[in-house]
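This is upload-v1.txt (compact mmCIF, N, CA and C atoms).
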```txt
# COMPACT_ATOMS: atom_id res chain seq x y z
N MET A 1 145.85 139.35 68.68
CA MET A 1 146.70 138.30 69.19
C MET A 1 146.86 137.24 68.11
N LYS A 2 148.08 136.79 67.92
CA LYS A 2 148.37 135.82 66.87
C LYS A 2 147.86 134.44 67.28
N ALA A 3 147.60 133.62 66.28
CA ALA A 3 147.09 132.27 66.52
C ALA A 3 148.10 131.43 67.30
N SER A 4 149.39 131.63 67.03
CA SER A 4 150.40 130.85 67.73
C SER A 4 150.45 131.22 69.22
N ASN A 5 150.21 132.50 69.54
CA ASN A 5 150.18 132.92 70.93
C ASN A 5 148.97 132.34 71.66
N VAL A 6 147.83 132.29 70.97
CA VAL A 6 146.62 131.70 71.55
C VAL A 6 146.85 130.22 71.80
N PHE A 7 147.47 129.54 70.83
CA PHE A 7 147.77 128.11 70.97
C PHE A 7 148.69 127.86 72.16
N LYS A 8 149.71 128.71 72.30
CA LYS A 8 150.63 128.57 73.43
C LYS A 8 149.91 128.79 74.76
N ALA A 9 149.06 129.79 74.82
CA ALA A 9 148.33 130.08 76.05
C ALA A 9 147.43 128.91 76.44
N VAL A 10 146.74 128.33 75.46
CA VAL A 10 145.87 127.19 75.73
C VAL A 10 146.70 125.99 76.15
N LEU A 11 147.82 125.78 75.49
CA LEU A 11 148.70 124.66 75.83
C LEU A 11 149.23 124.79 77.26
N TYR A 12 149.64 125.99 77.64
CA TYR A 12 150.11 126.22 79.00
C TYR A 12 148.99 126.01 80.02
N ALA A 13 147.79 126.49 79.70
CA ALA A 13 146.67 126.38 80.64
C ALA A 13 146.23 124.93 80.83
N LEU A 14 146.32 124.12 79.79
CA LEU A 14 145.89 122.73 79.88
C LEU A 14 147.02 121.76 80.17
N GLY A 15 148.25 122.17 79.92
CA GLY A 15 149.39 121.28 80.07
C GLY A 15 149.66 120.86 81.50
N LEU A 16 149.71 121.80 82.42
CA LEU A 16 150.01 121.46 83.81
C LEU A 16 148.94 120.56 84.42
N PRO A 17 147.64 120.87 84.28
CA PRO A 17 146.66 119.93 84.82
C PRO A 17 146.76 118.54 84.20
N ALA A 18 147.04 118.46 82.90
CA ALA A 18 147.17 117.16 82.24
C ALA A 18 148.37 116.39 82.81
N ILE A 19 149.47 117.07 83.01
CA ILE A 19 150.66 116.43 83.58
C ILE A 19 150.38 115.96 85.00
N LEU A 20 149.69 116.77 85.79
CA LEU A 20 149.37 116.38 87.16
C LEU A 20 148.44 115.18 87.21
N VAL A 21 147.45 115.13 86.31
CA VAL A 21 146.54 113.98 86.27
C VAL A 21 147.29 112.72 85.85
N LEU A 22 148.20 112.86 84.88
CA LEU A 22 149.01 111.70 84.48
C LEU A 22 149.90 111.20 85.61
N LEU A 23 150.50 112.11 86.37
CA LEU A 23 151.30 111.71 87.53
C LEU A 23 150.43 111.03 88.59
N TRP A 24 149.25 111.56 88.81
CA TRP A 24 148.31 110.98 89.77
C TRP A 24 147.91 109.58 89.33
N TRP A 25 147.60 109.46 88.04
CA TRP A 25 147.22 108.15 87.50
C TRP A 25 148.36 107.15 87.67
N ALA A 26 149.59 107.55 87.36
CA ALA A 26 150.74 106.66 87.48
C ALA A 26 151.00 106.28 88.95
N ALA A 27 150.81 107.24 89.85
CA ALA A 27 151.09 106.98 91.27
C ALA A 27 150.04 106.07 91.90
N THR A 28 148.84 106.01 91.33
CA THR A 28 147.77 105.21 91.94
C THR A 28 147.47 103.94 91.16
N LEU A 29 148.33 103.56 90.23
CA LEU A 29 148.11 102.31 89.49
C LEU A 29 148.13 101.13 90.46
N GLY A 30 147.07 100.36 90.45
CA GLY A 30 146.98 99.19 91.31
C GLY A 30 146.71 99.47 92.77
N ALA A 31 146.54 100.72 93.14
CA ALA A 31 146.28 101.07 94.53
C ALA A 31 144.81 100.85 94.86
N LYS A 32 144.54 100.41 96.06
CA LYS A 32 143.17 100.20 96.52
C LYS A 32 142.88 101.06 97.74
N ASP A 33 143.58 102.18 97.86
CA ASP A 33 143.41 103.07 99.01
C ASP A 33 142.11 103.86 98.87
N PHE A 34 141.27 103.82 99.91
CA PHE A 34 140.00 104.53 99.89
C PHE A 34 140.20 106.04 99.87
N PHE A 35 141.24 106.52 100.52
CA PHE A 35 141.45 107.95 100.67
C PHE A 35 142.13 108.60 99.47
N VAL A 36 142.74 107.81 98.60
CA VAL A 36 143.36 108.33 97.38
C VAL A 36 142.82 107.52 96.20
N PRO A 37 141.68 107.95 95.67
CA PRO A 37 141.10 107.19 94.56
C PRO A 37 141.88 107.41 93.27
N THR A 38 141.71 106.49 92.36
CA THR A 38 142.34 106.64 91.05
C THR A 38 141.54 107.65 90.23
N PRO A 39 142.14 108.24 89.23
CA PRO A 39 141.40 109.19 88.39
C PRO A 39 140.17 108.55 87.73
N GLY A 40 140.28 107.28 87.36
CA GLY A 40 139.14 106.59 86.75
C GLY A 40 137.97 106.45 87.70
N THR A 41 138.26 106.08 88.95
CA THR A 41 137.21 105.97 89.96
C THR A 41 136.55 107.31 90.20
N LEU A 42 137.36 108.34 90.29
CA LEU A 42 136.83 109.68 90.51
C LEU A 42 135.96 110.12 89.33
N ALA A 43 136.41 109.85 88.11
CA ALA A 43 135.65 110.25 86.92
C ALA A 43 134.31 109.50 86.85
N SER A 44 134.30 108.20 87.19
CA SER A 44 133.04 107.45 87.13
C SER A 44 132.08 107.92 88.22
N THR A 45 132.61 108.22 89.41
CA THR A 45 131.75 108.73 90.48
C THR A 45 131.21 110.10 90.11
N PHE A 46 132.04 110.94 89.49
CA PHE A 46 131.58 112.25 89.03
C PHE A 46 130.45 112.10 88.02
N ALA A 47 130.60 111.18 87.08
CA ALA A 47 129.57 110.97 86.07
C ALA A 47 128.28 110.43 86.70
N GLU A 48 128.39 109.53 87.67
CA GLU A 48 127.20 109.02 88.34
C GLU A 48 126.45 110.12 89.07
N THR A 49 127.20 111.00 89.71
CA THR A 49 126.58 112.06 90.50
C THR A 49 125.94 113.13 89.63
N TRP A 50 126.65 113.58 88.62
CA TRP A 50 126.18 114.73 87.84
C TRP A 50 125.34 114.36 86.63
N PHE A 51 125.42 113.12 86.17
CA PHE A 51 124.67 112.76 84.97
C PHE A 51 123.74 111.58 85.20
N GLY A 52 123.61 111.10 86.42
CA GLY A 52 122.76 109.97 86.72
C GLY A 52 121.57 110.40 87.55
N GLU A 53 120.99 109.42 88.22
CA GLU A 53 119.80 109.68 89.02
C GLU A 53 120.11 110.47 90.29
N ARG A 54 121.39 110.48 90.72
CA ARG A 54 121.74 111.19 91.94
C ARG A 54 121.63 112.70 91.82
N ILE A 55 121.58 113.21 90.62
CA ILE A 55 121.45 114.67 90.48
C ILE A 55 120.10 115.12 91.02
N LEU A 56 119.08 114.31 90.84
CA LEU A 56 117.76 114.67 91.36
C LEU A 56 117.62 114.39 92.85
N SER A 57 118.28 113.35 93.34
CA SER A 57 118.12 113.00 94.75
C SER A 57 119.11 113.71 95.66
N ASP A 58 120.28 114.08 95.16
CA ASP A 58 121.31 114.68 96.01
C ASP A 58 121.62 116.13 95.66
N VAL A 59 121.86 116.40 94.40
CA VAL A 59 122.36 117.72 93.98
C VAL A 59 121.23 118.75 93.94
N ALA A 60 120.10 118.41 93.35
CA ALA A 60 119.00 119.37 93.21
C ALA A 60 118.49 119.89 94.56
N PRO A 61 118.26 119.02 95.57
CA PRO A 61 117.83 119.56 96.86
C PRO A 61 118.87 120.49 97.50
N SER A 62 120.14 120.16 97.35
CA SER A 62 121.19 121.02 97.91
C SER A 62 121.21 122.38 97.22
N LEU A 63 121.08 122.37 95.90
CA LEU A 63 121.03 123.65 95.17
C LEU A 63 119.79 124.45 95.55
N GLY A 64 118.68 123.76 95.76
CA GLY A 64 117.45 124.44 96.19
C GLY A 64 117.63 125.11 97.54
N ARG A 65 118.23 124.38 98.50
CA ARG A 65 118.48 124.97 99.82
C ARG A 65 119.45 126.15 99.71
N LEU A 66 120.44 126.03 98.84
CA LEU A 66 121.39 127.13 98.66
C LEU A 66 120.69 128.37 98.11
N ILE A 67 119.85 128.20 97.12
CA ILE A 67 119.15 129.34 96.53
C ILE A 67 118.23 130.00 97.54
N VAL A 68 117.47 129.19 98.30
CA VAL A 68 116.57 129.74 99.31
C VAL A 68 117.37 130.46 100.40
N GLY A 69 118.47 129.87 100.85
CA GLY A 69 119.28 130.48 101.90
C GLY A 69 119.91 131.79 101.48
N VAL A 70 120.45 131.82 100.27
CA VAL A 70 121.08 133.06 99.79
C VAL A 70 120.03 134.15 99.56
N ALA A 71 118.89 133.78 98.99
CA ALA A 71 117.83 134.77 98.77
C ALA A 71 117.32 135.32 100.10
N ALA A 72 117.12 134.44 101.08
CA ALA A 72 116.66 134.91 102.39
C ALA A 72 117.71 135.79 103.05
N ALA A 73 118.99 135.44 102.92
CA ALA A 73 120.05 136.25 103.50
C ALA A 73 120.09 137.64 102.86
N ILE A 74 119.88 137.70 101.56
CA ILE A 74 119.88 139.00 100.87
C ILE A 74 118.72 139.86 101.36
N VAL A 75 117.52 139.27 101.41
CA VAL A 75 116.35 140.03 101.84
C VAL A 75 116.49 140.46 103.30
N LEU A 76 116.84 139.52 104.18
CA LEU A 76 117.00 139.86 105.59
C LEU A 76 118.13 140.87 105.81
N GLY A 77 119.23 140.70 105.10
CA GLY A 77 120.36 141.61 105.24
C GLY A 77 120.02 143.03 104.81
N ILE A 78 119.29 143.15 103.71
CA ILE A 78 118.92 144.49 103.24
C ILE A 78 117.91 145.14 104.18
N VAL A 79 116.89 144.40 104.58
CA VAL A 79 115.86 144.96 105.47
C VAL A 79 116.47 145.35 106.82
N ALA A 80 117.21 144.44 107.44
CA ALA A 80 117.82 144.74 108.73
C ALA A 80 118.88 145.84 108.59
N GLY A 81 119.63 145.83 107.49
CA GLY A 81 120.64 146.85 107.26
C GLY A 81 120.05 148.23 107.11
N LEU A 82 118.92 148.32 106.39
CA LEU A 82 118.24 149.61 106.25
C LEU A 82 117.74 150.10 107.61
N LEU A 83 117.20 149.19 108.40
CA LEU A 83 116.68 149.57 109.71
C LEU A 83 117.80 150.00 110.65
N VAL A 84 118.83 149.18 110.77
CA VAL A 84 119.94 149.49 111.69
C VAL A 84 120.73 150.69 111.20
N GLY A 85 120.92 150.81 109.89
CA GLY A 85 121.71 151.91 109.36
C GLY A 85 121.03 153.26 109.46
N SER A 86 119.70 153.27 109.44
CA SER A 86 119.00 154.55 109.46
C SER A 86 118.65 155.04 110.87
N VAL A 87 118.68 154.17 111.87
CA VAL A 87 118.38 154.58 113.24
C VAL A 87 119.69 154.56 114.04
N LYS A 88 120.15 155.76 114.40
CA LYS A 88 121.47 155.89 115.04
C LYS A 88 121.53 155.15 116.38
N GLY A 89 120.51 155.25 117.18
CA GLY A 89 120.51 154.58 118.48
C GLY A 89 120.52 153.07 118.34
N LEU A 90 119.77 152.58 117.37
CA LEU A 90 119.75 151.13 117.12
C LEU A 90 121.09 150.65 116.61
N ARG A 91 121.75 151.46 115.79
CA ARG A 91 123.07 151.11 115.27
C ARG A 91 124.08 151.03 116.42
N ALA A 92 124.02 151.96 117.35
CA ALA A 92 124.93 151.94 118.50
C ALA A 92 124.67 150.73 119.39
N LEU A 93 123.40 150.37 119.52
CA LEU A 93 123.04 149.23 120.36
C LEU A 93 123.38 147.90 119.68
N ALA A 94 123.11 147.80 118.39
CA ALA A 94 123.28 146.53 117.68
C ALA A 94 124.69 146.30 117.17
N GLY A 95 125.50 147.33 117.08
CA GLY A 95 126.84 147.21 116.52
C GLY A 95 127.71 146.15 117.17
N PRO A 96 127.89 146.21 118.49
CA PRO A 96 128.73 145.19 119.13
C PRO A 96 128.15 143.77 119.01
N VAL A 97 126.84 143.65 119.08
CA VAL A 97 126.21 142.34 118.97
C VAL A 97 126.42 141.78 117.56
N LEU A 98 126.26 142.62 116.55
CA LEU A 98 126.47 142.17 115.17
C LEU A 98 127.91 141.77 114.93
N GLU A 99 128.84 142.54 115.48
CA GLU A 99 130.25 142.20 115.32
C GLU A 99 130.59 140.88 116.01
N PHE A 100 129.96 140.61 117.15
CA PHE A 100 130.19 139.34 117.84
C PHE A 100 129.67 138.18 116.99
N PHE A 101 128.44 138.27 116.54
CA PHE A 101 127.87 137.16 115.77
C PHE A 101 128.52 137.01 114.40
N ARG A 102 129.03 138.10 113.84
CA ARG A 102 129.74 138.01 112.57
C ARG A 102 131.01 137.19 112.71
N ALA A 103 131.64 137.25 113.88
CA ALA A 103 132.90 136.55 114.10
C ALA A 103 132.70 135.05 114.35
N VAL A 104 131.47 134.63 114.61
CA VAL A 104 131.20 133.21 114.86
C VAL A 104 131.12 132.50 113.51
N PRO A 105 131.98 131.51 113.27
CA PRO A 105 131.92 130.78 111.99
C PRO A 105 130.63 129.98 111.89
N PRO A 106 129.96 130.02 110.75
CA PRO A 106 128.69 129.28 110.60
C PRO A 106 128.77 127.79 110.90
N PRO A 107 129.86 127.08 110.57
CA PRO A 107 129.90 125.65 110.93
C PRO A 107 129.84 125.39 112.44
N VAL A 108 130.24 126.38 113.24
CA VAL A 108 130.16 126.21 114.69
C VAL A 108 128.71 126.17 115.14
N LEU A 109 127.84 126.80 114.39
CA LEU A 109 126.42 126.83 114.75
C LEU A 109 125.70 125.53 114.44
N VAL A 110 126.29 124.67 113.63
CA VAL A 110 125.61 123.45 113.20
C VAL A 110 125.17 122.59 114.38
N PRO A 111 126.06 122.25 115.34
CA PRO A 111 125.59 121.42 116.46
C PRO A 111 124.48 122.09 117.28
N VAL A 112 124.61 123.38 117.50
CA VAL A 112 123.60 124.10 118.27
C VAL A 112 122.26 124.09 117.53
N LEU A 113 122.30 124.38 116.26
CA LEU A 113 121.07 124.38 115.47
C LEU A 113 120.48 122.98 115.34
N MET A 114 121.33 121.96 115.30
CA MET A 114 120.82 120.59 115.26
C MET A 114 120.04 120.28 116.53
N LEU A 115 120.54 120.75 117.67
CA LEU A 115 119.82 120.53 118.93
C LEU A 115 118.51 121.31 118.98
N LEU A 116 118.56 122.54 118.50
CA LEU A 116 117.37 123.40 118.58
C LEU A 116 116.33 123.08 117.52
N MET A 117 116.77 122.78 116.30
CA MET A 117 115.84 122.63 115.18
C MET A 117 115.73 121.20 114.67
N GLY A 118 116.66 120.35 115.06
CA GLY A 118 116.68 119.00 114.49
C GLY A 118 117.39 119.03 113.14
N ILE A 119 117.64 117.84 112.62
CA ILE A 119 118.30 117.76 111.32
C ILE A 119 117.20 117.84 110.26
N SER A 120 117.07 119.00 109.69
CA SER A 120 116.02 119.22 108.69
C SER A 120 116.51 120.21 107.64
N ASP A 121 115.72 120.39 106.63
CA ASP A 121 116.08 121.36 105.59
C ASP A 121 116.11 122.77 106.16
N SER A 122 115.20 123.08 107.08
CA SER A 122 115.18 124.44 107.62
C SER A 122 116.45 124.73 108.41
N MET A 123 117.01 123.73 109.11
CA MET A 123 118.27 123.93 109.82
C MET A 123 119.39 124.22 108.84
N LYS A 124 119.41 123.48 107.74
CA LYS A 124 120.45 123.68 106.73
C LYS A 124 120.34 125.06 106.09
N VAL A 125 119.12 125.51 105.85
CA VAL A 125 118.91 126.85 105.28
C VAL A 125 119.36 127.92 106.27
N VAL A 126 119.10 127.72 107.55
CA VAL A 126 119.52 128.70 108.57
C VAL A 126 121.04 128.79 108.61
N VAL A 127 121.73 127.68 108.47
CA VAL A 127 123.20 127.71 108.45
C VAL A 127 123.68 128.49 107.23
N ILE A 128 123.05 128.29 106.08
CA ILE A 128 123.42 129.03 104.87
C ILE A 128 123.16 130.52 105.07
N ILE A 129 122.02 130.84 105.66
CA ILE A 129 121.71 132.25 105.92
C ILE A 129 122.75 132.87 106.84
N SER A 130 123.14 132.13 107.90
CA SER A 130 124.11 132.68 108.85
C SER A 130 125.47 132.91 108.22
N GLY A 131 125.78 132.19 107.17
CA GLY A 131 127.04 132.43 106.49
C GLY A 131 126.98 133.53 105.44
N CYS A 132 125.79 133.74 104.88
CA CYS A 132 125.65 134.69 103.76
C CYS A 132 125.16 136.07 104.17
N ILE A 133 124.57 136.20 105.32
CA ILE A 133 123.91 137.46 105.66
C ILE A 133 124.89 138.59 105.99
N TRP A 134 126.06 138.25 106.52
CA TRP A 134 126.94 139.29 107.06
C TRP A 134 127.45 140.28 106.03
N PRO A 135 127.94 139.87 104.88
CA PRO A 135 128.38 140.89 103.91
C PRO A 135 127.24 141.81 103.48
N VAL A 136 126.06 141.25 103.28
CA VAL A 136 124.92 142.06 102.85
C VAL A 136 124.51 143.02 103.97
N LEU A 137 124.37 142.49 105.17
CA LEU A 137 123.92 143.30 106.30
C LEU A 137 124.90 144.42 106.62
N LEU A 138 126.17 144.08 106.77
CA LEU A 138 127.15 145.09 107.17
C LEU A 138 127.37 146.14 106.08
N ASN A 139 127.38 145.73 104.83
CA ASN A 139 127.54 146.70 103.75
C ASN A 139 126.31 147.58 103.59
N THR A 140 125.13 147.04 103.84
CA THR A 140 123.92 147.85 103.80
C THR A 140 123.91 148.87 104.92
N ILE A 141 124.31 148.44 106.11
CA ILE A 141 124.40 149.39 107.23
C ILE A 141 125.36 150.51 106.92
N GLU A 142 126.53 150.18 106.41
CA GLU A 142 127.52 151.21 106.09
C GLU A 142 127.06 152.11 104.94
N GLY A 143 126.38 151.50 103.96
CA GLY A 143 125.88 152.30 102.85
C GLY A 143 124.81 153.29 103.30
N VAL A 144 123.91 152.87 104.14
CA VAL A 144 122.87 153.76 104.65
C VAL A 144 123.49 154.82 105.56
N ARG A 145 124.43 154.41 106.39
CA ARG A 145 125.09 155.34 107.30
C ARG A 145 125.85 156.42 106.54
N ALA A 146 126.48 156.06 105.47
CA ALA A 146 127.27 157.03 104.70
C ALA A 146 126.34 157.96 103.94
```
What's the structure tokens form of this structure?
Amino acid sequence: MKASNVFKAVLYALGLPAILVLLWWAATLGAKDFFVPTPGTLASTFAETWFGERILSDVAPSLGRLIVGVAAAIVLGIVAGLLVGSVKGLRALAGPVLEFFRAVPPPVLVPVLMLLMGISDSMKVVVIISGCIWPVLLNTIEGVRA
């Protein structure tokens, strides 16, 4: 690939976002609207969150809960998938129940889990697990069945 083609590709990839940010900046000059922040306000808040003390107090615990939730969903999905996929009677019994719970969006479970578990890290991890387990579980069941 020629250098001029690479330059054009980079220019096209960066040009539209740059033009949109400039239009955003021009449209919000002097605005004090809370719901439409200026690019400068957004950039300073981004820097405070990702490069300041908030990364340890806000971002790190969220990433920790995400890692624990995804890992637990993978382990539970594989173990349950192997069990359900290898036992034909269990698969016939659990199939409709799994399809019902798969159709329930995880955010809908938040109020119910808040009542049952309280607002805690374990509740947040359970919500993450409920969102992540289905692809692993259902694909493991189908893989074992096939």
Legend entry - Interatomic distance, atom CA of A:Trp50 to atom C of A:Gly118 (Å, one decimal): 27.1 Å
Legend entry - Atomic distance atom CA of A:Ile129 - atom CA of A:Gly69, expressed in Å with one decimal: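 About the pair atom CA of A:Ile129 and atom CA of A:Gly69: they are 5.0 Å apart.
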Using only C-alpha atoms, determine which residues lie at most 8 Å from stretch 98-110 of chain A, disregarding the query and same-chain residues fewer than 6 positions distant; provide the list as a PDB file with N, CA and C atoms, in the frame of the given file.
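As a result, result_14.pdb now contains:
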```
ATOM      1  N   VAL A 127     121.730 127.680 108.470  1.00  0.00           N
ATOM      2  CA  VAL A 127     123.200 127.710 108.450  1.00  0.00           C
ATOM      3  C   VAL A 127     123.680 128.490 107.230  1.00  0.00           C
ATOM      4  N   ILE A 128     123.050 128.290 106.080  1.00  0.00           N
ATOM      5  CA  ILE A 128     123.420 129.030 104.870  1.00  0.00           C
ATOM      6  C   ILE A 128     123.160 130.520 105.070  1.00  0.00           C
ATOM      7  N   SER A 130     123.140 132.130 107.900  1.00  0.00           N
ATOM      8  CA  SER A 130     124.110 132.680 108.850  1.00  0.00           C
ATOM      9  C   SER A 130     125.470 132.910 108.220  1.00  0.00           C
ATOM     10  N   GLY A 131     125.780 132.190 107.170  1.00  0.00           N
ATOM     11  CA  GLY A 131     127.040 132.430 106.490  1.00  0.00           C
ATOM     12  C   GLY A 131     126.980 133.530 105.440  1.00  0.00           C
ATOM     13  N   TRP A 134     126.060 138.250 106.520  1.00  0.00           N
ATOM     14  CA  TRP A 134     126.940 139.290 107.060  1.00  0.00           C
ATOM     15  C   TRP A 134     127.450 140.280 106.030  1.00  0.00           C
TER      16      TRP A 134
END
```
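When atom CA of A:Arg145 is paired with atom C of A:Gly85, their separation reads 5.0 Å.
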Legend entry - Pick from A:Ala31, A:Ala146, A:Ala47, A:Ile119 nearest to A:Lys88, counting only C-alpha atoms: A:Ala146
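Of the listed residues A:Ala60, A:Lys32, A:Pro17, A:Cys132, the one whose atoms come nearest to A:Gly77 is A:Cys132, with distances taken using only N, CA and C atoms.
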Legend entry - Surrounding residues of A:Leu138 excluding itself and chain neighbours under 3 positions, 8 Å, only N, CA and C atoms, as a PyMOL selection string: chain A and resi 77-78+80-81+133-135+141-144
Legend entry - Nearby residues (all atoms listed in the file) at most 8 Å from stretch 20-24 of chain A, same-chain spacing under 4 positions excluded, as number ranges by chain: A: 14-16, 28-29, 37-39
